[in-house]
Amino acid sequence: MGSTEDLDYPQIILQYNNGFLVSKVMFTACELGVFDLLLESGDPLSLDVIAARLGTSTTGMERLLDACVGLKLLSVELTQKGALYRNTEISNIYLTKSSPKSQYHIMMYYSNTVYLCWHYLTDAVREGRNQYERAFGVSSKDPFGAMYRSEEEMLKFLAGQNSIWGICGKDVLTAFDLSSFTRIYDLGGGGGALARECVSLYPNCTVTIYDLPKVVQVAKDQFIPPEEQRIAFHEGDFFKDSIPEADLYILSKILHDWDDDKCGQLLAKVYQACRPGGGVLLVESLLKEDRSGPVETQLYSMNMLVQTEGKERTPAEYSKLLVAAGFREVQVKRTGKL
């Protein structure tokens, strides 16, 4: 193990301090439409043109564009007529709305919702509960009532979740061979991106999205085309209402929203409903058994503190919950992604 002299503390602290600034630069450029404009133009554009088309000041836009160049989100070419800006490949793929792998919606959700909760992280640590009441003036006793406090907010959240599955969906659904499961329920399936990926990968299956009535309505109206015959919907609250029989239940980013007691209650209901020989697929961001990382998961767990009643867990902790509910033959696989 190296000595403390091996560590460049000022650089490390500076990097951490700048983390917030970096993300806000990226979020702001997305929100203003910088990356979309440059993609649509097909040609590099000058500062004056970008500012004029997006309705901003040249003073502010110049600094934003330069910061994006420094972050390698944009590239700049100096010509006799001045600087010309274009997207980098990573921006075209992940930061433009039209890309199949766009992360625009989840970034907007983080920028306009999550960050406001994180402003009260100190209070969350002191109190051990989410911060919706301070951030938005709504009750923190019902996390999803707070998350879905308006149709606009619900749409932002669901679109953001869909964007994550656009990158990770195939990995989590092929970590195990699910071809033997034909009747599948996606509990808390939200906008349906994972369900659509599932029926694409496993043509012999049908997937039913089980979610709150208002979520189901948005999914039908905004995300799932009516011609998709292999995806059905079930309106209800799976904590309060019955869970129909199925071969496989998918719980993707569900258990991390709740404490151990509520997770145990839900898994027990799933076990009772599950057909003989059936199973449950949990999709979560896993901590190492010694909780030393990954840092992304540690940060997600902090986010669960400010937004929900839950936390991220280790494989052993999830296995314990599953076994207590009655499940056996628990297997764990990491995808290497989120």
# chains A, B, ... in the order shown; residues from 1 in each chain; ligands from 1
$ residues_around --residues "Lys214 in chain A" --least-positions-apart "4" --cutoff "9 Å" --atoms "only C-alpha atoms" --output "PyMOL selection string"
chain A and resi 151+218-219+235
$ select_by_dssp --residues "range 176-287 of chain A" --states "helix (DSSP H, G or I)" --output "ChimeraX atom specification"
/A:193-201,213-223,255-257,260-273
$ residues_around --residues "range 88-105 of chain A" --least-positions-apart "3" --cutoff "7 Å" --atoms "only C-alpha atoms" --output "PyMOL selection string"
chain A and resi 30+35-36+39+72-75+108-109+156+159-160+163+166-167
$ closest_residue --among "A:Lys269, A:Lys333, A:Leu84, A:Gly19" --to "Leu173 in chain A" --atoms "only C-alpha atoms"
A:Lys333
$ residues_around --residues "Arg134 in chain A" --least-positions-apart "5" --cutoff "10 Å" --atoms "only C-alpha atoms" --output "PDB file with C-alpha atoms, in the first residue's frame"
ATOM      1  CA  LEU A 116     -33.203  19.527  -5.710  1.00  0.00           C
ATOM      2  CA  CYS A 117     -33.480  16.575  -3.323  1.00  0.00           C
ATOM      3  CA  HIS A 119     -29.563  19.908  -1.921  1.00  0.00           C
ATOM      4  CA  TYR A 120     -30.902  18.533   1.373  1.00  0.00           C
ATOM      5  CA  ASP A 123     -30.818  16.717   6.377  1.00  0.00           C
ATOM      6  CA  SER A 139     -45.414  14.651   1.770  1.00  0.00           C
ATOM      7  CA  SER A 140     -42.394  12.379   2.033  1.00  0.00           C
TER       8      SER A 140
END
$ residues_around --residues "Leu255 in chain A" --least-positions-apart "5" --cutoff "9 Å" --atoms "only C-alpha atoms" --output "ChimeraX atom specification"
/A:260,262-263,266,282-284,310-312,318
$ closest_residue --among "A:Gly145, A:Glu289, A:Ile164, A:His256" --to "Thr314 in chain A" --atoms "only C-alpha atoms"
A:Glu289
$ closest_residue --among "A:Gln15, A:Val34, A:Arg334, A:Glu133" --to "Ala175 in chain A" --atoms "only C-alpha atoms"
A:Arg334
$ closest_residue --among "A:Val280, A:Leu187, A:Met107, A:Ala193" --to "Ser242 in chain A" --atoms "only C-alpha atoms"
A:Leu187
$ select_by_dssp --residues "range 11-193 of chain A" --states "strand (DSSP E)" --output "NGL selection string"
:A and (45-46 or 74-79 or 82-87 or 183-187)
$ closest_residue --among "A:Asn162, A:Gln11, A:Gln331, A:Ser41" --to "Asn87 in chain A" --atoms "only C-alpha atoms"
A:Ser41
$ residues_around --residues "Gly55 in chain A" --least-positions-apart "4" --cutoff "9 Å" --atoms "only C-alpha atoms" --output "ChimeraX atom specification"
/A:32,50-51
$ write_last_selection --atoms "C-alpha atoms" --output "PDB file, in the first residue's frame"
ATOM      1  CA  LEU A  32     -30.879  24.421 -24.156  1.00  0.00           C
ATOM      2  CA  ILE A  50     -25.839  28.843 -31.998  1.00  0.00           C
ATOM      3  CA  ALA A  51     -26.742  31.649 -29.580  1.00  0.00           C
TER       4      ALA A  51
END
$ atom_distance --atom1 "CA of Val270 in chain A" --atom2 "CA of Cys198 in chain A"
19.5 Å
$ closest_atom_pairs --of "range 144-173 of chain A" --to "range 202-211 of chain A" --cutoff "12 Å" --atoms "only C-alpha atoms" --output "Markdown table"
| residue | atom | partner | partner_atom | distance |
| --- | --- | --- | --- | --- |
| A:Phe144 | CA | A:Asp211 | CA | 11.5 |
| A:Leu158 | CA | A:Asp211 | CA | 11.8 |
| A:Lys170 | CA | A:Tyr202 | CA | 11.0 |
| A:Leu173 | CA | A:Tyr202 | CA | 9.4 |
$ atom_distance --atom1 "CA of Met154 in chain A" --atom2 "CA of Leu212 in chain A"
11.4 Å
$ atom_distance --atom1 "CA of Met26 in chain A" --atom2 "CA of Tyr85 in chain A"
15.4 Å
